[in-house]
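*Asks:* What follows is coords_31.cif, mmCIF, C-alpha atoms.
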data_input
loop_
_atom_site.label_atom_id
_atom_site.label_comp_id
_atom_site.auth_asym_id
_atom_site.auth_seq_id
_atom_site.Cartn_x
_atom_site.Cartn_y
_atom_site.Cartn_z
CA MET C 1 -30.26 -73.06 13.62
CA GLU C 2 -31.72 -72.62 17.07
CA HIS C 3 -30.84 -74.73 20.08
CA HIS C 4 -32.73 -74.93 23.37
CA GLU C 5 -32.30 -77.07 26.46
CA PHE C 6 -34.76 -77.73 29.27
CA ASN C 7 -34.23 -79.75 32.42
CA ILE C 8 -36.92 -82.24 33.39
CA GLU C 9 -37.25 -83.28 37.01
CA GLY C 10 -38.27 -86.91 37.59
CA GLY C 11 -41.44 -87.23 39.65
CA ASP C 12 -42.32 -83.53 39.53
CA PHE C 13 -45.76 -83.60 37.93
CA SER C 14 -46.49 -79.98 38.72
CA ARG C 15 -43.92 -78.93 36.14
CA ALA C 16 -44.43 -81.72 33.61
CA GLY C 17 -45.18 -80.09 30.29
CA TYR C 18 -43.15 -76.94 30.86
CA ALA C 19 -40.51 -77.86 28.26
CA SER C 20 -43.10 -78.87 25.65
CA SER C 21 -44.96 -75.65 26.34
CA GLN C 22 -41.79 -73.66 25.59
CA VAL C 23 -41.35 -75.60 22.34
CA LYS C 24 -44.93 -74.74 21.38
CA LYS C 25 -44.29 -71.03 22.00
CA ILE C 26 -41.11 -71.08 19.91
CA LEU C 27 -42.77 -72.87 16.96
CA LYS C 28 -45.78 -70.55 17.12
CA GLN C 29 -43.47 -67.54 16.99
CA MET C 30 -41.78 -69.02 13.93
CA GLY C 31 -45.18 -69.26 12.25
CA VAL C 32 -45.07 -73.04 11.83
CA ASP C 33 -48.29 -74.70 10.59
CA VAL C 34 -50.67 -75.34 13.53
CA GLY C 35 -51.17 -78.99 12.62
CA ILE C 36 -47.42 -79.61 12.66
CA ILE C 37 -47.10 -77.71 15.96
CA LYS C 38 -49.79 -79.89 17.51
CA ARG C 39 -48.18 -83.16 16.38
CA THR C 40 -44.78 -81.93 17.56
CA VAL C 41 -45.85 -80.81 21.01
CA VAL C 42 -48.10 -83.82 21.62
CA ALA C 43 -45.15 -86.12 20.87
CA ALA C 44 -42.81 -83.95 22.98
CA TYR C 45 -45.26 -83.80 25.87
CA GLU C 46 -45.83 -87.57 25.87
CA GLY C 47 -42.05 -87.95 26.04
CA GLU C 48 -41.71 -85.35 28.77
CA VAL C 49 -44.43 -87.05 30.84
CA ASN C 50 -42.57 -90.35 30.40
CA VAL C 51 -39.39 -88.80 31.82
CA VAL C 52 -41.30 -87.35 34.78
CA ALA C 53 -43.17 -90.62 35.31
CA HIS C 54 -40.27 -93.06 35.06
CA ALA C 55 -36.87 -91.38 35.33
CA TYR C 56 -34.89 -89.68 38.10
CA SER C 57 -33.87 -86.75 35.97
CA GLY C 58 -33.63 -85.80 32.35
CA ALA C 59 -33.50 -83.08 29.75
CA MET C 60 -35.07 -82.03 26.49
CA TYR C 61 -32.73 -80.81 23.76
CA VAL C 62 -34.43 -78.99 20.92
CA ASP C 63 -32.81 -78.14 17.59
CA ILE C 64 -34.76 -76.15 15.07
CA ASN C 65 -33.88 -75.07 11.57
CA ARG C 66 -35.95 -73.98 8.59
CA ASP C 67 -36.78 -77.52 7.52
CA GLU C 68 -37.07 -79.56 10.68
CA VAL C 69 -37.32 -79.78 14.43
CA GLN C 70 -35.43 -82.39 16.36
CA ILE C 71 -36.40 -83.05 19.96
CA GLU C 72 -34.15 -85.29 21.99
CA LEU C 73 -35.24 -86.52 25.41
CA ARG C 74 -32.47 -88.02 27.48
CA ASP C 75 -32.94 -89.36 30.97
CA GLU C 76 -31.22 -91.13 33.79
CA GLY C 77 -33.57 -93.81 34.99
CA PRO C 78 -34.53 -97.46 34.90
CA GLY C 79 -34.46 -97.60 31.10
CA ILE C 80 -36.67 -99.85 29.00
CA GLU C 81 -35.96 -103.61 29.00
CA ASP C 82 -37.93 -104.43 25.88
CA ILE C 83 -38.65 -101.47 23.61
CA GLU C 84 -40.89 -103.48 21.28
CA GLN C 85 -43.06 -104.51 24.22
CA ALA C 86 -43.11 -100.94 25.56
CA MET C 87 -44.37 -99.74 22.17
CA GLN C 88 -47.41 -102.04 22.40
CA GLU C 89 -50.56 -100.09 23.17
CA GLY C 90 -51.80 -100.93 26.65
CA TYR C 91 -48.43 -102.06 28.02
CA SER C 92 -47.47 -99.95 31.02
CA THR C 93 -45.23 -100.04 34.06
CA ALA C 94 -46.54 -96.72 35.42
CA SER C 95 -47.18 -96.25 39.13
CA SER C 96 -50.57 -95.42 40.60
CA ALA C 97 -49.34 -91.83 41.13
CA VAL C 98 -48.82 -91.53 37.37
CA ARG C 99 -52.27 -92.99 36.69
CA GLU C 100 -53.83 -90.47 39.05
CA MET C 101 -52.41 -87.73 36.84
CA GLY C 102 -54.35 -89.10 33.88
CA PHE C 103 -51.56 -91.13 32.28
CA GLY C 104 -50.06 -94.60 32.51
CA ALA C 105 -52.49 -96.38 30.21
CA GLY C 106 -49.71 -97.62 27.95
CA MET C 107 -50.52 -95.25 25.12
CA GLY C 108 -47.66 -92.76 25.27
CA LEU C 109 -45.02 -94.32 23.04
CA SER C 110 -47.49 -95.45 20.38
CA ASN C 111 -49.05 -91.98 20.32
CA MET C 112 -45.57 -90.47 19.96
CA LYS C 113 -44.97 -92.75 16.99
CA LYS C 114 -48.29 -91.71 15.41
CA ASN C 115 -47.48 -88.01 15.73
CA ALA C 116 -43.78 -87.92 14.96
CA ASP C 117 -42.39 -87.98 11.43
CA GLU C 118 -39.55 -90.09 12.83
CA LEU C 119 -39.15 -91.63 16.26
CA HIS C 120 -36.02 -93.29 17.50
CA ILE C 121 -35.65 -94.91 20.93
CA GLU C 122 -32.49 -96.22 22.56
CA SER C 123 -32.33 -97.51 26.08
CA GLU C 124 -29.92 -99.08 28.47
CA PRO C 125 -31.72 -100.85 31.32
CA GLY C 126 -30.55 -99.52 34.67
CA LYS C 127 -29.04 -96.40 33.09
CA GLY C 128 -31.52 -94.46 31.04
CA THR C 129 -33.31 -93.78 27.82
CA LYS C 130 -32.84 -91.56 24.79
CA VAL C 131 -35.78 -90.69 22.56
CA VAL C 132 -35.42 -88.66 19.39
CA ILE C 133 -38.46 -87.10 17.74
CA ARG C 134 -37.94 -85.65 14.28
CA MET C 135 -40.50 -83.40 12.63
CA LEU C 136 -40.40 -82.01 9.12
CA LEU C 137 -41.66 -78.45 8.95
CA ASN C 138 -42.35 -78.02 5.26
CA THR C 139 -44.84 -80.79 4.83
CA THR C 140 -48.34 -81.64 5.98
CA THR C 141 -47.94 -85.43 5.77
CA GLY C 142 -48.65 -87.64 8.73
CA ASP C 143 -52.24 -86.31 8.82
CA MET W 1 -72.34 -74.50 20.44
CA ARG W 2 -71.26 -71.36 22.22
CA VAL W 3 -69.67 -71.42 25.67
CA SER W 4 -72.49 -69.22 27.00
CA GLU W 5 -75.03 -71.90 26.02
CA ILE W 6 -72.95 -74.67 27.60
CA VAL W 7 -72.84 -72.74 30.86
CA GLN W 8 -76.58 -72.21 30.76
CA ILE W 9 -77.43 -75.84 29.98
CA LEU W 10 -75.16 -77.13 32.74
CA ASP W 11 -76.13 -74.43 35.25
CA ALA W 12 -72.37 -74.06 35.57
CA ARG W 13 -69.83 -71.39 36.41
CA ILE W 14 -66.99 -69.98 34.30
CA ILE W 15 -63.90 -69.64 36.44
CA CYS W 16 -61.48 -68.63 33.70
CA GLY W 17 -62.13 -66.88 30.39
CA GLU W 18 -65.39 -65.08 31.34
CA HIS W 19 -64.84 -62.63 28.49
CA ARG W 20 -64.77 -65.38 25.87
CA THR W 21 -68.29 -66.82 26.15
CA ASP W 22 -68.72 -66.41 22.38
CA TYR W 23 -66.14 -69.13 21.74
CA THR W 24 -67.76 -71.98 19.81
CA ILE W 25 -67.09 -75.70 20.18
CA ASP W 26 -67.74 -78.23 17.40
CA VAL W 27 -67.53 -81.52 19.28
CA ALA W 28 -67.11 -82.84 22.83
CA PHE W 29 -64.99 -85.56 24.40
CA ALA W 30 -65.35 -86.86 27.95
CA SER W 31 -62.43 -88.55 29.68
CA ASP W 32 -60.37 -88.65 32.84
CA LEU W 33 -57.56 -90.26 30.87
CA MET W 34 -55.34 -87.57 29.38
CA SER W 35 -53.58 -90.16 27.19
CA ASP W 36 -56.89 -90.57 25.33
CA VAL W 37 -57.32 -86.81 24.99
CA LEU W 38 -53.83 -86.56 23.47
CA THR W 39 -54.86 -88.85 20.60
CA LEU W 40 -57.60 -86.48 19.36
CA LYS W 41 -57.09 -84.71 16.05
CA ASN W 42 -60.20 -82.51 15.98
CA ASP W 43 -60.33 -78.75 16.39
CA HIS W 44 -62.71 -76.80 18.65
CA VAL W 45 -63.07 -79.69 21.10
CA LEU W 46 -64.84 -79.34 24.43
CA LEU W 47 -63.17 -81.51 27.07
CA ILE W 48 -65.43 -82.82 29.84
CA THR W 49 -63.43 -84.32 32.67
CA GLY W 50 -63.41 -85.11 36.36
CA LEU W 51 -59.62 -84.87 36.49
CA ALA W 52 -58.60 -81.54 37.95
CA ASN W 53 -54.84 -81.18 38.02
CA MET W 54 -52.05 -79.33 36.20
CA GLN W 55 -51.76 -82.05 33.58
CA THR W 56 -55.39 -81.54 32.56
CA ILE W 57 -54.50 -77.98 31.57
CA ARG W 58 -51.17 -79.01 29.99
CA THR W 59 -52.95 -81.68 27.94
CA ALA W 60 -55.46 -79.09 26.72
CA GLU W 61 -52.61 -76.71 25.88
CA MET W 62 -50.79 -79.33 23.78
CA SER W 63 -54.00 -80.52 22.09
CA ASP W 64 -55.24 -77.02 21.22
CA ILE W 65 -58.33 -77.53 23.38
CA ASN W 66 -59.72 -74.15 24.42
CA CYS W 67 -62.55 -75.13 26.72
CA ILE W 68 -62.77 -77.57 29.66
CA VAL W 69 -65.77 -78.50 31.79
CA PHE W 70 -64.90 -79.96 35.19
CA ALA W 71 -67.77 -82.26 36.11
CA ARG W 72 -68.84 -83.68 39.51
CA ASN W 73 -67.87 -80.50 41.34
CA LYS W 74 -64.13 -80.78 40.76
CA LYS W 75 -62.32 -77.52 41.40
CA ALA W 76 -59.47 -75.97 39.47
CA GLY W 77 -56.62 -74.71 41.67
CA LYS W 78 -54.90 -71.33 41.42
CA GLU W 79 -51.97 -72.65 39.42
CA MET W 80 -54.32 -74.39 37.01
CA ILE W 81 -56.29 -71.19 36.47
CA ALA W 82 -53.09 -69.19 35.90
CA LEU W 83 -51.87 -71.69 33.30
CA ALA W 84 -55.29 -71.74 31.62
CA GLU W 85 -55.30 -67.94 31.49
CA GLU W 86 -51.84 -67.92 29.92
CA ASN W 87 -53.08 -70.28 27.21
CA ASP W 88 -56.55 -68.77 26.60
CA ILE W 89 -58.31 -71.86 27.91
CA ILE W 90 -61.83 -71.40 29.24
CA LEU W 91 -62.52 -73.32 32.48
CA ILE W 92 -66.04 -74.20 33.58
CA GLU W 93 -66.99 -75.85 36.87
CA CYS W 94 -70.16 -77.92 36.98
CA ARG W 95 -71.76 -79.82 39.87
CA TYR W 96 -73.36 -82.49 37.69
CA SER W 97 -71.87 -85.95 37.24
CA MET W 98 -69.94 -86.70 34.07
CA PHE W 99 -72.90 -88.78 32.85
CA LYS W 100 -75.43 -86.02 33.37
CA THR W 101 -73.11 -83.38 31.92
CA CYS W 102 -72.63 -85.44 28.76
CA GLY W 103 -76.32 -86.33 28.58
CA LEU W 104 -77.50 -82.74 28.76
CA LEU W 105 -75.01 -81.51 26.17
CA TYR W 106 -75.75 -84.41 23.83
CA GLN W 107 -79.47 -83.75 24.15
CA ALA W 108 -78.80 -80.12 23.25
CA GLY W 109 -77.08 -81.20 20.05
CA VAL W 110 -73.37 -81.32 20.90
CA GLN W 111 -71.76 -83.95 18.70
CA PRO W 112 -69.34 -86.67 19.86
CA ILE W 113 -65.95 -87.20 18.18
CA TYR W 114 -66.44 -90.93 17.60
#
Please lay out the structure from this file as structure tokens.
*Replies:*
Amino acid sequence: MEHHEFNIEGGDFSRAGYASSQVKKILKQMGVDVGIIKRTVVAAYEGEVNVVAHAYSGAMYVDINRDEVQIELRDEGPGIEDIEQAMQEGYSTASSAVREMGFGAGMGLSNMKKNADELHIESEPGKGTKVVIRMLLNTTTGD
Amino acid sequence: MRVSEIVQILDARIICGEHRTDYTIDVAFASDLMSDVLTLKNDHVLLITGLANMQTIRTAEMSDINCIVFARNKKAGKEMIALAEENDIILIECRYSMFKTCGLLYQAGVQPIY
């Protein structure tokens, strides 16, 4: 069992992706299947960008064992009022600054769902959001 | 298509990964929206974009994209080049518009994803 933690600074786009990049390096070193690595880090990166784009601060907690990777993103921020609505493709509350970085088209959460083996979102409006991405390592399902 | 051919067709300049001109791409995708790029499942993708910032490189890193063409004279900064180098991503700068860049590569036989 391996555990890693990475801080994520809200609004700091120059560093957005650092945590996901570390996860990619770790999984590569473990010799995980490249397709699974790609789905994992794309989901993690979408989540990391969401924290940078919407929250004040946050962290990524990564737990890895032989069979699975669990990535938990926790942030302090505005939270999500209506998770079902936020999951709809095209729905976005992103600022113009976020859009200038090439994001904010309302595709992040649905793409996380497509890539993750399991995705769980909890949010308390005005406080923050917790997103858990679970990936199974010994399978190639989920295309 | 090999990177060396892409550079020739676009009369472009490699600014990172000069020693890897033998790298071959299968398909190309043009977008300034990184969210769209992150939905791609193909391998050996050439990304053509006018978006030149750190997230362009990060998106390529996460998507296993090893070659990016910056169209309409967009320049990659030092930090972007350093991150690309770290991840073996080839960066090409091209003065043509996105439309012309795509047109020339398509004409030369580069296939689209969709």
*Asks:* Give the answer as one residue: which of C:Arg66, C:Arg134, C:His3, C:Arg99 has the shortest atom-to-atom distance to chain W, using only C-alpha atoms?
*Replies:*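 Among the listed residues, C:Arg99 lies closest to chain W.
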*Asks:* Using all atoms listed in the file, which of W:Gln111, W:Thr24, W:Ser35, W:Asn53 sits nearest Gly90 (chain C)?
*Replies:*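 Selected residue with least distance to Gly90 (chain C): W:Ser35.
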*Asks:* So that I can see what lies close to region 112-119 of chain C, please list as an MDAnalysis selection string the residues with an atom at most 7 Å from it, counting all atoms listed in the file and leaving out residues fewer than 2 positions away in the same chain.
*Replies:* chainID C and resid 39:40 43 46 108:110 121 132:136 142
*Asks:* Mind pulling up the distance from CA of Ala52 (chain W) to CA of Asn50 (chain C)?
*Replies:* 19.8 Å
*Asks:* Hey, what comes out of the PyMOL selection byres ((chain W) within 10 of (chain C)) on this file? Could you write it as a list in words?
*Replies:*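 On the file shown, the PyMOL selection byres ((chain W) within 10 of (chain C)) covers Ser31, Asp32, Leu33, Met34, Ser35, Asp36, Val37, Leu38, Thr39, Lys41, Asp43, Leu51, Ala52, Asn53, Met54, Gln55, Thr56, Ile57, Arg58, Thr59, Glu61, Met62, Ser63, Asp64, Glu79, Met80 and Asn87 of chain W.
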*Asks:* Go ahead and dump the residues you just picked, C-alpha atoms, as a PDB file, in the frame of the given file.
*Replies:*
ATOM      1  CA  SER W  31     -62.430 -88.550  29.680  1.00  0.00           C
ATOM      2  CA  ASP W  32     -60.370 -88.650  32.840  1.00  0.00           C
ATOM      3  CA  LEU W  33     -57.560 -90.260  30.870  1.00  0.00           C
ATOM      4  CA  MET W  34     -55.340 -87.570  29.380  1.00  0.00           C
ATOM      5  CA  SER W  35     -53.580 -90.160  27.190  1.00  0.00           C
ATOM      6  CA  ASP W  36     -56.890 -90.570  25.330  1.00  0.00           C
ATOM      7  CA  VAL W  37     -57.320 -86.810  24.990  1.00  0.00           C
ATOM      8  CA  LEU W  38     -53.830 -86.560  23.470  1.00  0.00           C
ATOM      9  CA  THR W  39     -54.860 -88.850  20.600  1.00  0.00           C
ATOM     10  CA  LYS W  41     -57.090 -84.710  16.050  1.00  0.00           C
ATOM     11  CA  ASP W  43     -60.330 -78.750  16.390  1.00  0.00           C
ATOM     12  CA  LEU W  51     -59.620 -84.870  36.490  1.00  0.00           C
ATOM     13  CA  ALA W  52     -58.600 -81.540  37.950  1.00  0.00           C
ATOM     14  CA  ASN W  53     -54.840 -81.180  38.020  1.00  0.00           C
ATOM     15  CA  MET W  54     -52.050 -79.330  36.200  1.00  0.00           C
ATOM     16  CA  GLN W  55     -51.760 -82.050  33.580  1.00  0.00           C
ATOM     17  CA  THR W  56     -55.390 -81.540  32.560  1.00  0.00           C
ATOM     18  CA  ILE W  57     -54.500 -77.980  31.570  1.00  0.00           C
ATOM     19  CA  ARG W  58     -51.170 -79.010  29.990  1.00  0.00           C
ATOM     20  CA  THR W  59     -52.950 -81.680  27.940  1.00  0.00           C
ATOM     21  CA  GLU W  61     -52.610 -76.710  25.880  1.00  0.00           C
ATOM     22  CA  MET W  62     -50.790 -79.330  23.780  1.00  0.00           C
ATOM     23  CA  SER W  63     -54.000 -80.520  22.090  1.00  0.00           C
ATOM     24  CA  ASP W  64     -55.240 -77.020  21.220  1.00  0.00           C
ATOM     25  CA  GLU W  79     -51.970 -72.650  39.420  1.00  0.00           C
ATOM     26  CA  MET W  80     -54.320 -74.390  37.010  1.00  0.00           C
ATOM     27  CA  ASN W  87     -53.080 -70.280  27.210  1.00  0.00           C
TER      28      ASN W  87
END
*Asks:* What's around Ile8 (chain C) at 9 Å? Count only C-alpha atoms, leave out sequence neighbours fewer than 2 positions away in its own chain, and write the answer as a ChimeraX atom specification.
*Replies:* /C:6,10,12,15-16,18-19,48,51-52,57-60,75
*Asks:* Can you pull out the residues contacting region 103-106 of chain W? Cut-off 10 Å, using only C-alpha atoms, and skip same-chain residues under 3 positions away; I want them as a list in words.
*Replies:*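 Counting only C-alpha atoms, the residues come to Met1, Glu5, Ile6, Ile9, Leu10, Val27, Ala28, Tyr96, Ser97, Met98, Phe99, Lys100, Gly109, Val110, Gln111 and Pro112 of chain W.
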